[in-house]
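Pasting start-v1.cif here (mmCIF, C-alpha atoms and all ligand atoms):
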data_target
#
loop_
_atom_site.label_atom_id
_atom_site.label_comp_id
_atom_site.auth_asym_id
_atom_site.auth_seq_id
_atom_site.Cartn_x
_atom_site.Cartn_y
_atom_site.Cartn_z
CA MET A 13 13.90 4.93 -16.51
CA LYS A 14 10.98 2.53 -16.60
CA ALA A 15 9.36 0.97 -13.55
CA VAL A 16 7.63 -2.36 -13.04
CA ILE A 17 5.17 -2.31 -10.14
CA LEU A 18 4.17 -5.67 -8.68
CA VAL A 19 0.46 -5.59 -7.98
CA GLY A 20 -0.43 -9.25 -8.47
CA GLY A 21 -0.60 -10.44 -4.85
CA LYS A 22 -3.88 -11.44 -3.21
CA GLY A 23 -3.36 -9.26 -0.15
CA THR A 24 -4.57 -12.07 2.13
CA ARG A 25 -3.27 -10.40 5.29
CA LEU A 26 -5.63 -7.51 4.53
CA TYR A 27 -8.75 -9.73 4.32
CA PRO A 28 -11.61 -8.93 4.34
CA ILE A 29 -10.57 -5.52 2.98
CA THR A 30 -9.14 -7.17 -0.13
CA CYS A 31 -11.88 -9.76 -0.81
CA ASP A 32 -13.25 -7.73 -3.73
CA THR A 33 -10.74 -4.90 -3.90
CA PRO A 34 -7.13 -5.47 -5.03
CA LYS A 35 -4.58 -4.20 -2.52
CA ALA A 36 -3.45 -1.59 -5.07
CA MET A 37 -6.97 -0.10 -5.09
CA VAL A 38 -7.70 0.13 -1.36
CA PRO A 39 -8.47 3.78 -0.65
CA ILE A 40 -5.94 5.92 1.19
CA LEU A 41 -7.57 9.27 2.03
CA ASN A 42 -10.27 8.25 -0.50
CA LYS A 43 -7.83 7.67 -3.37
CA PRO A 44 -6.50 4.30 -4.54
CA PHE A 45 -3.20 3.30 -2.96
CA LEU A 46 -1.55 2.86 -6.36
CA GLU A 47 -2.24 6.47 -7.30
CA TYR A 48 0.23 7.55 -4.61
CA GLN A 49 2.90 5.21 -5.98
CA ILE A 50 2.35 6.43 -9.52
CA ARG A 51 2.60 10.08 -8.41
CA TYR A 52 5.75 9.21 -6.45
CA LEU A 53 7.40 7.72 -9.55
CA LYS A 54 6.22 10.60 -11.73
CA LYS A 55 7.79 13.06 -9.29
CA TYR A 56 11.16 11.48 -10.13
CA GLY A 57 10.50 11.58 -13.86
CA VAL A 58 9.57 7.89 -14.14
CA GLU A 59 6.69 7.97 -16.61
CA ASP A 60 6.84 4.55 -18.28
CA ILE A 61 5.14 2.19 -15.90
CA ILE A 62 4.46 -1.52 -16.30
CA LEU A 63 1.90 -3.01 -13.95
CA ALA A 64 2.49 -6.73 -13.29
CA MET A 65 -0.94 -7.97 -12.28
CA GLY A 66 -2.75 -11.17 -11.40
CA TYR A 67 -5.48 -10.98 -8.78
CA LEU A 68 -8.43 -8.67 -9.72
CA PRO A 69 -6.80 -6.68 -12.54
CA GLU A 70 -9.98 -5.02 -13.92
CA PRO A 71 -10.57 -2.38 -11.22
CA ILE A 72 -6.96 -1.22 -11.66
CA GLN A 73 -7.19 -1.03 -15.45
CA ASN A 74 -10.56 0.71 -15.33
CA TYR A 75 -9.29 3.38 -12.97
CA PHE A 76 -5.88 4.16 -14.49
CA GLY A 77 -6.56 3.51 -18.20
CA ASP A 78 -3.51 4.36 -20.29
CA GLY A 79 -2.17 6.53 -17.46
CA SER A 80 -2.45 9.82 -19.37
CA GLU A 81 -4.74 11.33 -16.74
CA PHE A 82 -1.87 10.87 -14.28
CA GLY A 83 0.84 12.10 -16.66
CA VAL A 84 2.33 8.63 -17.20
CA HIS A 85 2.14 5.79 -19.72
CA ILE A 86 0.94 2.47 -18.32
CA VAL A 87 1.31 -1.00 -19.84
CA TYR A 88 -0.60 -3.87 -18.19
CA LEU A 89 0.66 -7.43 -18.01
CA VAL A 90 -1.76 -9.92 -16.51
CA GLU A 91 -0.51 -13.31 -15.24
CA GLU A 92 -2.79 -16.30 -15.69
CA ARG A 93 -1.36 -17.72 -12.47
CA PRO A 94 0.94 -16.04 -9.91
CA MET A 95 4.49 -15.97 -11.24
CA GLY A 96 6.19 -14.71 -8.07
CA THR A 97 7.93 -11.35 -7.79
CA ALA A 98 10.75 -12.20 -10.23
CA GLY A 99 8.57 -14.28 -12.58
CA ALA A 100 6.24 -11.29 -12.90
CA VAL A 101 9.13 -9.01 -13.92
CA LYS A 102 10.38 -11.66 -16.37
CA ASN A 103 7.06 -11.22 -18.21
CA ALA A 104 8.10 -7.66 -19.00
CA GLU A 105 11.50 -8.68 -20.43
CA THR A 106 10.84 -7.51 -23.99
CA LEU A 107 10.03 -4.02 -22.66
CA LEU A 108 13.21 -3.68 -20.57
CA ASP A 109 16.62 -3.05 -22.13
CA GLU A 110 18.09 -0.54 -19.65
CA PRO A 111 18.38 -0.41 -15.86
CA PHE A 112 14.85 -0.16 -14.46
CA PHE A 113 12.98 0.15 -11.18
CA ALA A 114 10.97 -2.73 -9.74
CA LEU A 115 8.66 -1.91 -6.84
CA ASN A 116 6.45 -3.88 -4.53
CA GLY A 117 2.99 -2.44 -5.06
CA ASP A 118 2.10 -2.12 -1.40
CA VAL A 119 4.75 0.26 -0.14
CA LEU A 120 4.36 3.97 0.47
CA THR A 121 7.57 5.84 1.10
CA GLY A 122 9.54 9.03 0.71
CA ILE A 123 12.80 7.26 -0.22
CA ASP A 124 14.81 9.51 -2.56
CA LEU A 125 14.78 7.70 -5.89
CA ALA A 126 17.18 10.23 -7.47
CA GLY A 127 19.77 9.44 -4.79
CA MET A 128 19.21 5.74 -5.34
CA VAL A 129 19.80 6.08 -9.11
CA LYS A 130 22.96 8.08 -8.42
CA ARG A 131 24.30 5.35 -6.17
CA HIS A 132 23.44 2.64 -8.68
CA ARG A 133 25.22 4.53 -11.49
CA GLU A 134 28.34 5.06 -9.38
CA ILE A 135 28.69 1.39 -8.51
CA ARG A 136 26.99 -0.37 -11.43
CA PRO A 137 26.10 -3.52 -9.49
CA ARG A 138 23.62 -6.13 -10.78
CA ALA A 139 21.01 -4.67 -8.45
CA THR A 140 20.53 -1.93 -5.87
CA ILE A 141 18.07 -2.58 -3.06
CA ALA A 142 16.53 0.28 -1.04
CA LEU A 143 16.70 -0.42 2.71
CA THR A 144 14.65 0.88 5.61
CA PRO A 145 14.96 0.30 9.36
CA VAL A 146 12.04 -1.49 11.10
CA GLU A 147 11.24 -2.65 14.61
CA ASP A 148 10.43 -6.25 13.71
CA PRO A 149 12.53 -7.47 10.76
CA THR A 150 11.17 -11.05 10.97
CA ILE A 151 8.15 -10.20 8.80
CA TYR A 152 10.30 -8.75 5.99
CA GLY A 153 13.48 -9.53 4.03
CA VAL A 154 16.55 -8.76 6.14
CA VAL A 155 19.55 -7.32 4.30
CA GLU A 156 23.06 -7.39 5.78
CA THR A 157 25.61 -5.03 4.24
CA ASP A 158 29.36 -4.40 4.55
CA ALA A 159 31.07 -1.09 5.38
CA ASN A 160 30.71 0.02 1.73
CA GLY A 161 27.00 -0.69 1.64
CA MET A 162 27.39 -3.82 -0.51
CA VAL A 163 24.91 -6.57 0.33
CA LYS A 164 26.43 -9.57 2.12
CA ARG A 165 23.32 -11.55 2.99
CA PHE A 166 19.60 -11.52 2.14
CA VAL A 167 17.24 -13.58 4.29
CA GLU A 168 13.51 -13.47 3.61
CA LYS A 169 11.29 -13.68 6.75
CA PRO A 170 14.14 -14.74 9.06
CA SER A 171 13.58 -16.31 12.46
CA SER A 172 14.44 -13.97 15.33
CA GLN A 173 17.74 -15.88 15.81
CA GLU A 174 18.74 -15.10 12.22
CA VAL A 175 18.19 -11.36 12.59
CA THR A 176 21.50 -9.49 12.64
CA THR A 177 20.28 -6.03 11.60
CA ASN A 178 17.08 -4.00 11.63
CA MET A 179 17.61 -2.95 7.99
CA ILE A 180 15.18 -4.63 5.64
CA ASN A 181 14.37 -4.76 1.94
CA ALA A 182 12.11 -1.74 1.37
CA GLY A 183 10.62 -3.34 -1.75
CA ILE A 184 12.26 -0.96 -4.27
CA TYR A 185 15.01 -2.20 -6.59
CA ILE A 186 17.04 -0.87 -9.47
CA LEU A 187 17.88 -3.86 -11.66
CA GLU A 188 20.23 -4.30 -14.60
CA PRO A 189 18.38 -6.00 -17.46
CA GLU A 190 20.89 -8.92 -17.51
CA ILE A 191 19.26 -10.10 -14.28
CA LEU A 192 16.27 -11.14 -16.36
CA THR A 193 18.33 -13.87 -18.03
CA ARG A 194 18.61 -15.57 -14.62
CA ILE A 195 14.84 -15.89 -14.32
CA PRO A 196 13.36 -18.93 -16.11
CA LYS A 197 10.34 -18.34 -18.36
CA SER A 198 6.84 -19.33 -17.21
CA THR A 199 8.17 -20.38 -13.81
CA PHE A 200 7.20 -19.14 -10.35
CA PHE A 201 10.33 -17.30 -9.21
CA MET A 202 11.05 -14.88 -6.39
CA PHE A 203 13.69 -12.17 -6.09
CA GLU A 204 13.72 -12.73 -2.36
CA HIS A 205 14.26 -16.51 -2.35
CA ASP A 206 15.76 -17.27 -5.72
CA ILE A 207 17.48 -14.27 -7.33
CA PHE A 208 19.16 -12.24 -4.57
CA PRO A 209 20.57 -15.19 -2.59
CA SER A 210 21.92 -16.83 -5.77
CA LEU A 211 23.56 -13.60 -6.98
CA LEU A 212 25.30 -13.31 -3.61
CA GLU A 213 26.42 -16.94 -3.71
CA GLU A 214 28.09 -16.25 -7.03
CA ASP A 215 29.74 -13.08 -5.71
CA GLU A 216 27.74 -10.89 -8.07
CA PRO A 217 27.58 -7.35 -6.64
CA ILE A 218 24.35 -6.07 -5.09
CA SER A 219 24.46 -2.62 -3.58
CA SER A 220 22.08 -1.03 -1.09
CA TYR A 221 20.48 2.35 -0.59
CA PRO A 222 19.62 2.80 3.08
CA SER A 223 17.13 5.53 3.93
CA ASP A 224 15.37 6.76 7.04
CA ALA A 225 12.56 8.40 5.02
CA TYR A 226 8.95 7.55 5.86
CA TRP A 227 8.18 3.95 4.83
CA ILE A 228 5.21 1.66 5.33
CA ASP A 229 3.97 -1.60 3.80
CA ILE A 230 0.17 -1.61 4.03
CA GLY A 231 0.09 -5.39 4.43
CA THR A 232 -2.25 -5.57 7.47
CA PRO A 233 -5.39 -3.73 8.67
CA GLU A 234 -3.42 -2.26 11.57
CA LYS A 235 -0.85 -0.77 9.18
CA TYR A 236 -3.60 0.39 6.80
CA LEU A 237 -5.10 2.35 9.66
CA ARG A 238 -1.72 3.58 10.86
CA LEU A 239 -0.92 4.98 7.40
CA HIS A 240 -4.14 7.01 7.52
CA HIS A 241 -3.33 8.33 10.95
CA ASP A 242 0.23 9.20 9.88
CA LEU A 243 -0.94 11.08 6.79
CA LEU A 244 -3.71 12.93 8.59
CA LEU A 245 -1.50 13.86 11.52
CA GLY A 246 1.27 14.98 9.16
CA GLU A 247 3.65 12.37 10.55
CA GLY A 248 4.00 10.59 7.24
CA GLN A 249 5.29 12.42 4.25
CA SER A 250 1.87 13.60 3.14
CA SER A 251 3.45 16.70 1.60
CA LEU A 252 5.47 14.43 -0.68
CA TYR A 253 2.38 13.36 -2.48
CA SER A 254 1.00 16.89 -2.89
CA GLN A 255 -2.49 15.61 -2.38
CA GLY A 256 -3.69 18.71 -0.59
CA GLU A 257 -5.52 16.91 2.16
CA GLY A 258 -3.91 15.54 5.29
CA SER A 259 -1.85 17.47 7.81
CA ARG A 260 -4.00 18.51 10.68
CA HIS A 261 -7.05 20.07 9.17
CA ILE A 262 -10.64 19.46 8.25
CA ARG A 263 -11.51 18.87 4.65
CA ILE A 264 -15.15 18.50 3.68
CA GLU A 265 -15.79 17.81 0.01
CA SER A 266 -18.62 19.22 -2.08
CA GLY A 267 -22.22 18.20 -1.49
CA SER A 268 -21.67 17.06 2.11
CA LYS A 269 -24.17 18.28 4.69
CA ILE A 270 -22.99 18.72 8.25
CA HIS A 271 -25.71 19.54 10.80
CA PRO A 272 -24.85 22.70 12.78
CA GLU A 273 -25.10 20.66 15.97
CA ALA A 274 -22.72 17.94 14.74
CA ARG A 275 -19.13 18.02 15.99
CA ILE A 276 -16.16 17.62 13.64
CA GLU A 277 -12.71 17.53 15.22
CA GLU A 278 -9.54 17.75 13.11
CA PRO A 279 -7.83 16.13 11.28
CA VAL A 280 -10.72 14.78 9.24
CA LEU A 281 -11.45 14.08 5.57
CA ILE A 282 -15.12 13.86 4.62
CA GLY A 283 -15.75 12.78 1.03
CA ARG A 284 -18.45 14.12 -1.32
CA ASP A 285 -22.18 13.97 -0.51
CA CYS A 286 -21.91 12.74 3.09
CA ILE A 287 -24.57 13.50 5.69
CA ILE A 288 -23.59 14.08 9.32
CA ALA A 289 -26.67 14.35 11.55
CA LYS A 290 -27.45 16.40 14.64
CA GLY A 291 -25.37 15.44 17.67
CA ALA A 292 -23.09 13.12 15.65
CA CYS A 293 -19.35 13.42 16.12
CA VAL A 294 -16.51 12.74 13.68
CA LYS A 295 -13.25 12.94 15.55
CA GLY A 296 -9.91 12.89 13.74
CA PRO A 297 -7.82 11.33 12.57
CA ALA A 298 -10.77 9.95 10.58
CA VAL A 299 -11.91 9.50 6.99
CA LEU A 300 -15.38 9.11 5.47
CA GLY A 301 -15.70 7.98 1.86
CA VAL A 302 -18.25 9.49 -0.54
CA ARG A 303 -21.98 9.30 0.30
CA CYS A 304 -21.51 8.12 3.90
CA GLU A 305 -24.11 8.90 6.55
CA VAL A 306 -23.54 9.29 10.27
CA ALA A 307 -26.84 9.31 12.18
CA GLU A 308 -27.82 11.24 15.29
CA GLY A 309 -25.57 10.78 18.29
CA ALA A 310 -23.17 8.41 16.50
CA VAL A 311 -19.43 8.80 17.05
CA VAL A 312 -16.75 8.02 14.48
CA GLU A 313 -13.29 8.38 15.99
CA GLY A 314 -9.93 7.43 14.46
CA ALA A 315 -11.78 5.27 11.92
CA VAL A 316 -11.63 4.84 8.15
CA ILE A 317 -15.08 4.39 6.62
CA TRP A 318 -15.31 3.50 2.95
CA HIS A 319 -17.86 4.94 0.51
CA ASP A 320 -21.65 4.59 0.89
CA SER A 321 -21.52 3.29 4.46
CA LYS A 322 -24.23 4.18 6.95
CA VAL A 323 -23.59 4.53 10.66
CA GLY A 324 -26.78 4.17 12.71
CA LYS A 325 -27.95 6.25 15.67
CA ALA A 326 -25.65 6.34 18.71
CA ALA A 327 -23.24 3.80 17.20
CA LEU A 328 -19.59 4.12 18.19
CA LEU A 329 -16.82 3.37 15.70
CA LYS A 330 -13.37 3.77 17.16
CA ASN A 331 -10.05 3.11 15.36
CA CYS A 332 -11.67 0.58 13.04
CA ILE A 333 -12.18 0.06 9.31
CA VAL A 334 -15.53 -0.22 7.57
CA ALA A 335 -14.67 -1.56 4.14
CA SER A 336 -17.60 -1.45 1.77
CA SER A 337 -17.06 -3.35 -1.44
CA SER A 338 -16.53 -1.74 -4.81
CA CYS A 339 -19.11 -4.27 -6.09
CA ILE A 340 -21.87 -3.48 -3.58
CA GLU A 341 -23.38 -0.09 -4.16
CA ASP A 342 -25.09 0.32 -0.81
CA GLY A 343 -21.90 -0.11 1.19
CA CYS A 344 -21.94 -1.27 4.82
CA TYR A 345 -24.59 -0.58 7.41
CA ILE A 346 -23.71 -0.28 11.09
CA PRO A 347 -27.05 -0.38 12.95
CA SER A 348 -27.91 1.85 15.88
CA GLY A 349 -26.10 1.35 19.14
CA CYS A 350 -23.33 -0.88 17.72
CA VAL A 351 -19.88 -0.50 19.18
CA VAL A 352 -16.89 -1.34 16.98
CA GLY A 353 -13.40 -1.00 18.40
CA ASP A 354 -9.68 -0.95 17.71
CA ASN A 355 -8.44 -2.56 14.49
CA VAL A 356 -11.73 -4.34 13.81
CA VAL A 357 -12.51 -4.65 10.11
CA ILE A 358 -16.14 -4.72 9.06
CA GLY A 359 -16.06 -6.31 5.61
CA GLU A 360 -18.25 -5.65 2.63
CA GLY A 361 -21.80 -6.96 2.77
CA SER A 362 -21.71 -7.32 6.54
CA ARG A 363 -25.01 -7.10 8.39
CA LEU A 364 -24.65 -6.48 12.12
CA ALA A 365 -27.57 -6.73 14.52
CA PRO A 366 -28.39 -3.54 16.45
CA GLN A 367 -26.38 -3.07 19.68
CA THR A 368 -23.64 -5.52 18.55
CA ARG A 369 -20.32 -4.94 20.30
CA ILE A 370 -17.09 -5.98 18.57
CA TRP A 371 -14.04 -5.11 20.54
CA PRO A 372 -11.09 -5.31 19.67
CA ASP A 373 -8.94 -7.07 17.01
CA ASN A 374 -11.76 -9.16 15.58
CA TYR A 375 -12.48 -9.59 11.92
CA PHE A 376 -16.09 -9.76 10.92
CA LYS A 377 -17.49 -10.66 7.56
CA ALA A 378 -21.03 -11.72 6.81
CA ALA A 379 -21.47 -15.18 5.31
N1 LIG B 401 2.50 -9.71 -10.33
C1 LIG B 401 2.71 -10.35 -9.19
N2 LIG B 401 2.74 -11.72 -9.20
N3 LIG B 401 2.88 -9.65 -8.05
C2 LIG B 401 3.11 -10.33 -6.91
C3 LIG B 401 3.15 -11.74 -6.86
C4 LIG B 401 2.96 -12.46 -8.07
O1 LIG B 401 2.99 -13.70 -8.13
N4 LIG B 401 3.37 -12.11 -5.58
C5 LIG B 401 3.46 -10.97 -4.86
N5 LIG B 401 3.28 -9.90 -5.66
C6 LIG B 401 3.33 -8.48 -5.27
C7 LIG B 401 2.33 -8.13 -4.18
O2 LIG B 401 1.13 -7.67 -4.76
C8 LIG B 401 3.06 -7.02 -3.44
O3 LIG B 401 2.81 -5.74 -4.02
C9 LIG B 401 4.54 -7.33 -3.63
O4 LIG B 401 4.60 -8.26 -4.72
C10 LIG B 401 5.17 -7.97 -2.38
O5 LIG B 401 4.41 -9.06 -1.95
P1 LIG B 401 3.95 -9.22 -0.44
O6 LIG B 401 3.15 -10.48 -0.36
O7 LIG B 401 3.34 -7.96 0.04
O8 LIG B 401 5.34 -9.50 0.25
P2 LIG B 401 5.79 -9.13 1.74
O9 LIG B 401 5.30 -7.81 2.15
O10 LIG B 401 5.49 -10.29 2.64
O11 LIG B 401 7.41 -9.10 1.57
C11 LIG B 401 8.00 -8.35 0.53
O12 LIG B 401 7.98 -6.95 0.82
C12 LIG B 401 8.74 -6.55 1.99
C13 LIG B 401 8.65 -5.05 2.10
O13 LIG B 401 7.34 -4.67 2.23
C14 LIG B 401 9.44 -8.83 0.35
O14 LIG B 401 9.95 -8.23 -0.82
C15 LIG B 401 10.30 -8.48 1.56
O15 LIG B 401 11.66 -8.83 1.31
C16 LIG B 401 10.22 -6.98 1.83
O16 LIG B 401 10.96 -6.66 3.02
MG MG B 402 3.91 -6.48 1.43
#
Give the structure from this file in structure tokens form.
Amino acid sequence: MKAVILVGGKGTRLYPITCDTPKAMVPILNKPFLEYQIRYLKKYGVEDIILAMGYLPEPIQNYFGDGSEFGVHIVYLVEERPMGTAGAVKNAETLLDEPFFALNGDVLTGIDLAGMVKRHREIRPRATIALTPVEDPTIYGVVETDANGMVKRFVEKPSSQEVTTNMINAGIYILEPEILTRIPKSTFFMFEHDIFPSLLEEDEPISSYPSDAYWIDIGTPEKYLRLHHDLLLGEGQSSLYSQGEGSRHIRIESGSKIHPEARIEEPVLIGRDCIIAKGACVKGPAVLGVRCEVAEGAVVEGAVIWHDSKVGKAALLKNCIVASSSCIEDGCYIPSGCVVGDNVVIGEGSRLAPQTRIWPDNYFKAA
């Protein structure tokens, strides 16, 4: 089967992380998010992948090329303007003549795709939607089903009064190619607002594939951080992705220099060529990208620090994100004595004054 991955969104809820970096390329344990999705598909034998892109396509194309390095074949389709989730898949129509997967490009999950295909083949509906339970369904698409698992109702971003179930659209579909004939050409069109509700109105069958496997949409900084913590603490399905790192240990990549009087507490991933000075502390779950420096007496705890960032003397970074840009080679600099707290995002190009305190839930980006 082929898969279309939707990676054209702007990722605005992840700003400033996604100002210069497409959501698909934000690093998860120092590897682009999309790499995990591609490995996930490959694990189920899905090797023909179409990337439906719009916002910042070049970094994705440059990294993945024709896909051969990852054991898959990738075709890129770039929209001149956003076409919506269904409009983006319509663009791939000439490449799709059998049932295919369509995936939101910001979801990491262990949902069993083989089981989902089996269910789709047994029922042969127009579409099968993977479902996952969540605490707050109002920020997703809520999917009501009958006793046989057939979809009765699909409501995108319902008000709390409209919520009748905690099962939501997990952002993975198997679609019959005939569905594409319902999507007008060159028109902004959404599965969530236009296609699924209209299929249901016309009594066209949509089946569901509920799963309680690990599932997260990395749509916000808080969830981006939570995914790191889950993977490092082994609570997510890190083993699924066979990445090697994660799961309660310390991994220090080649060229990194850790002073004998620095303290490293698991689980921690330290990328290549980092320098951790005397008396500094990196306390897991935490990640440092390549070429980061942590100066004397600084503490990095529960934080995700992107490549080339420098943490000054006695600074404290706790449960925050330092997101250096892929366009700025010298990364971010956190001067000495700064304190940065829970869920704060320091965006690329930021210049903090020494001793600045940002705590908590603020977003900071230099003008
Ligand atoms: N190519 C392309 N073009 N991709 C798009 C476009 C577009 O115009 N618009 C959005 N996308 C991509 C985004 O990049 C993302 O990977 C995916 O489509 C979903 O968009 P989001 O903006 O992240 O949607 P959401 O998270 O609010 O809601 C969607 O996902 C939820 C699960 O995470 C919906 O499908 C919900 O029903 C679902 O529950
Ligand atoms: Mg999303």
Problem set entry | 6 Å shell around ligand MG 402 (chain B) using only C-alpha atoms and all ligand atoms, listed as a ChimeraX atom specification | /A:118,229,231
Exercise. Quick one: residues within 6 Å of ligand LIG 401 (chain B), with only C-alpha atoms and all ligand atoms, as a ChimeraX atom specification?
Worked result: /A:18-21,64-66,94-97,100,116-118,152-153,168,180-183,204,229
For this session: Extract, using all atoms listed in the file, all DNA, RNA and protein residues at most 6 Å from Ser268 (chain A), discarding same-chain residues fewer than 6 positions from it, and format them as a PyMOL selection string.
Result: chain A and resi 284-287
For this session: Just the residues within 8 Å of Pro170 (chain A), please, counting only C-alpha atoms, with nothing from its chain fewer than 2 positions along; format it as a PyMOL selection string.
Result: chain A and resi 149-154+167-168+172-175
Resulting file, chosen residues, C-alpha atoms, as a PDB file, in the coordinates of the input:
ATOM      1  CA  PRO A 149      12.530  -7.470  10.760  1.00  0.00           C
ATOM      2  CA  THR A 150      11.170 -11.050  10.970  1.00  0.00           C
ATOM      3  CA  ILE A 151       8.150 -10.200   8.800  1.00  0.00           C
ATOM      4  CA  TYR A 152      10.300  -8.750   5.990  1.00  0.00           C
ATOM      5  CA  GLY A 153      13.480  -9.530   4.030  1.00  0.00           C
ATOM      6  CA  VAL A 154      16.550  -8.760   6.140  1.00  0.00           C
ATOM      7  CA  VAL A 167      17.240 -13.580   4.290  1.00  0.00           C
ATOM      8  CA  GLU A 168      13.510 -13.470   3.610  1.00  0.00           C
ATOM      9  CA  SER A 172      14.440 -13.970  15.330  1.00  0.00           C
ATOM     10  CA  GLN A 173      17.740 -15.880  15.810  1.00  0.00           C
ATOM     11  CA  GLU A 174      18.740 -15.100  12.220  1.00  0.00           C
ATOM     12  CA  VAL A 175      18.190 -11.360  12.590  1.00  0.00           C
TER      13      VAL A 175
END
Spatial sel., origin (19.0, -5.7, 3.2), limit 8 Å, all atoms listed in the file, listed as a PDB file with C-alpha atoms, in the coordinates of the input:
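The resulting result.pdb:
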ATOM      1  CA  ILE A 141      18.070  -2.580  -3.060  1.00  0.00           C
ATOM      2  CA  ALA A 142      16.530   0.280  -1.040  1.00  0.00           C
ATOM      3  CA  LEU A 143      16.700  -0.420   2.710  1.00  0.00           C
ATOM      4  CA  GLY A 153      13.480  -9.530   4.030  1.00  0.00           C
ATOM      5  CA  VAL A 154      16.550  -8.760   6.140  1.00  0.00           C
ATOM      6  CA  VAL A 155      19.550  -7.320   4.300  1.00  0.00           C
ATOM      7  CA  GLU A 156      23.060  -7.390   5.780  1.00  0.00           C
ATOM      8  CA  THR A 157      25.610  -5.030   4.240  1.00  0.00           C
ATOM      9  CA  VAL A 163      24.910  -6.570   0.330  1.00  0.00           C
ATOM     10  CA  ARG A 165      23.320 -11.550   2.990  1.00  0.00           C
ATOM     11  CA  PHE A 166      19.600 -11.520   2.140  1.00  0.00           C
ATOM     12  CA  MET A 179      17.610  -2.950   7.990  1.00  0.00           C
ATOM     13  CA  ILE A 180      15.180  -4.630   5.640  1.00  0.00           C
ATOM     14  CA  ASN A 181      14.370  -4.760   1.940  1.00  0.00           C
ATOM     15  CA  SER A 220      22.080  -1.030  -1.090  1.00  0.00           C
TER      16      SER A 220
END
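The coordinates place CA of Gly314 (chain A) at 26.2 Å from CA of Tyr52 (chain A).
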Got a sec: who's within 12 Å of Leu108 (chain A), counting only C-alpha atoms, leaving out chain neighbours fewer than 3 positions off, as a PDB file with C-alpha atoms, in the frame of the given file?
ATOM      1  CA  MET A  13      13.900   4.930 -16.510  1.00  0.00           C
ATOM      2  CA  LYS A  14      10.980   2.530 -16.600  1.00  0.00           C
ATOM      3  CA  ALA A  15       9.360   0.970 -13.550  1.00  0.00           C
ATOM      4  CA  VAL A  16       7.630  -2.360 -13.040  1.00  0.00           C
ATOM      5  CA  ASP A  60       6.840   4.550 -18.280  1.00  0.00           C
ATOM      6  CA  ILE A  61       5.140   2.190 -15.900  1.00  0.00           C
ATOM      7  CA  ILE A  62       4.460  -1.520 -16.300  1.00  0.00           C
ATOM      8  CA  VAL A 101       9.130  -9.010 -13.920  1.00  0.00           C
ATOM      9  CA  LYS A 102      10.380 -11.660 -16.370  1.00  0.00           C
ATOM     10  CA  ASN A 103       7.060 -11.220 -18.210  1.00  0.00           C
ATOM     11  CA  ALA A 104       8.100  -7.660 -19.000  1.00  0.00           C
ATOM     12  CA  GLU A 105      11.500  -8.680 -20.430  1.00  0.00           C
ATOM     13  CA  PRO A 111      18.380  -0.410 -15.860  1.00  0.00           C
ATOM     14  CA  PHE A 112      14.850  -0.160 -14.460  1.00  0.00           C
ATOM     15  CA  PHE A 113      12.980   0.150 -11.180  1.00  0.00           C
ATOM     16  CA  ALA A 114      10.970  -2.730  -9.740  1.00  0.00           C
ATOM     17  CA  LEU A 187      17.880  -3.860 -11.660  1.00  0.00           C
ATOM     18  CA  GLU A 188      20.230  -4.300 -14.600  1.00  0.00           C
ATOM     19  CA  PRO A 189      18.380  -6.000 -17.460  1.00  0.00           C
ATOM     20  CA  GLU A 190      20.890  -8.920 -17.510  1.00  0.00           C
ATOM     21  CA  ILE A 191      19.260 -10.100 -14.280  1.00  0.00           C
ATOM     22  CA  LEU A 192      16.270 -11.140 -16.360  1.00  0.00           C
ATOM     23  CA  THR A 193      18.330 -13.870 -18.030  1.00  0.00           C
TER      24      THR A 193
END
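From CA of Pro297 (chain A) back to CA of Thr144 (chain A), the distance works out to 25.7 Å.
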Problem set entry | Distance query region 323-339 of chain A at most 9 Å, only C-alpha atoms, self and fewer than 4 positions along chain excluded, as a PyMOL selection string | chain A and resi 28-33+71+233-234+236-237+292+297-298+304-319+343-362+366-367+372
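For Phe82 (chain A), the non-local neighbours within 9 Å, defined as residues at least 6 positions apart in the same chain or in other chains and counting all atoms listed in the file, are Glu47, Ile50, Arg51, Lys54 and Phe76 of chain A.
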For this session: Kindly give the distance, in Å, that separates CA of Ile72 (chain A) and CA of Lys35 (chain A), rounded to a single decimal.
Result: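 Spanning CA of Ile72 (chain A) to CA of Lys35 (chain A) is a straight-line distance of 9.9 Å.
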Exercise. Which residue out of A:Val129, A:Val90, A:Val294, A:Leu245 has the minimum interatomic distance to Glu277 (chain A) when all atoms listed in the file are used?
Worked result: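 The shortest atom-to-atom distance to Glu277 (chain A) comes from A:Val294.
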Problem set entry | Top pick for closest residue to Thr199 (chain A), considering A:Gly99, A:Pro69, A:Gly57, A:Gly83 and counting all atoms listed in the file |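 Checking each of A:Gly99, A:Pro69, A:Gly57, A:Gly83 against Thr199 (chain A), counting all atoms listed in the file, the winner is A:Gly99.
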For this session: Name the closest residue to Lys164 (chain A) among the candidates A:Leu212, A:Ala139, A:Ile195, A:Ile184; distances are taken between atoms, counting only C-alpha atoms.
Result: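 Ranking A:Leu212, A:Ala139, A:Ile195, A:Ile184 by distance to Lys164 (chain A), first place goes to A:Leu212.
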Problem set entry | For Thr121 (chain A), the nearest of the candidates A:Val87, A:Ala225, A:Asn74, A:Lys22, counting all atoms listed in the file |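 Result for the nearest residue to Thr121 (chain A): A:Ala225.
Each of A:Leu211, A:Ala159, A:Asp78, A:Pro279 was checked against Leu243 (chain A) using only C-alpha atoms; the smallest atom-to-atom distance is that of A:Pro279.
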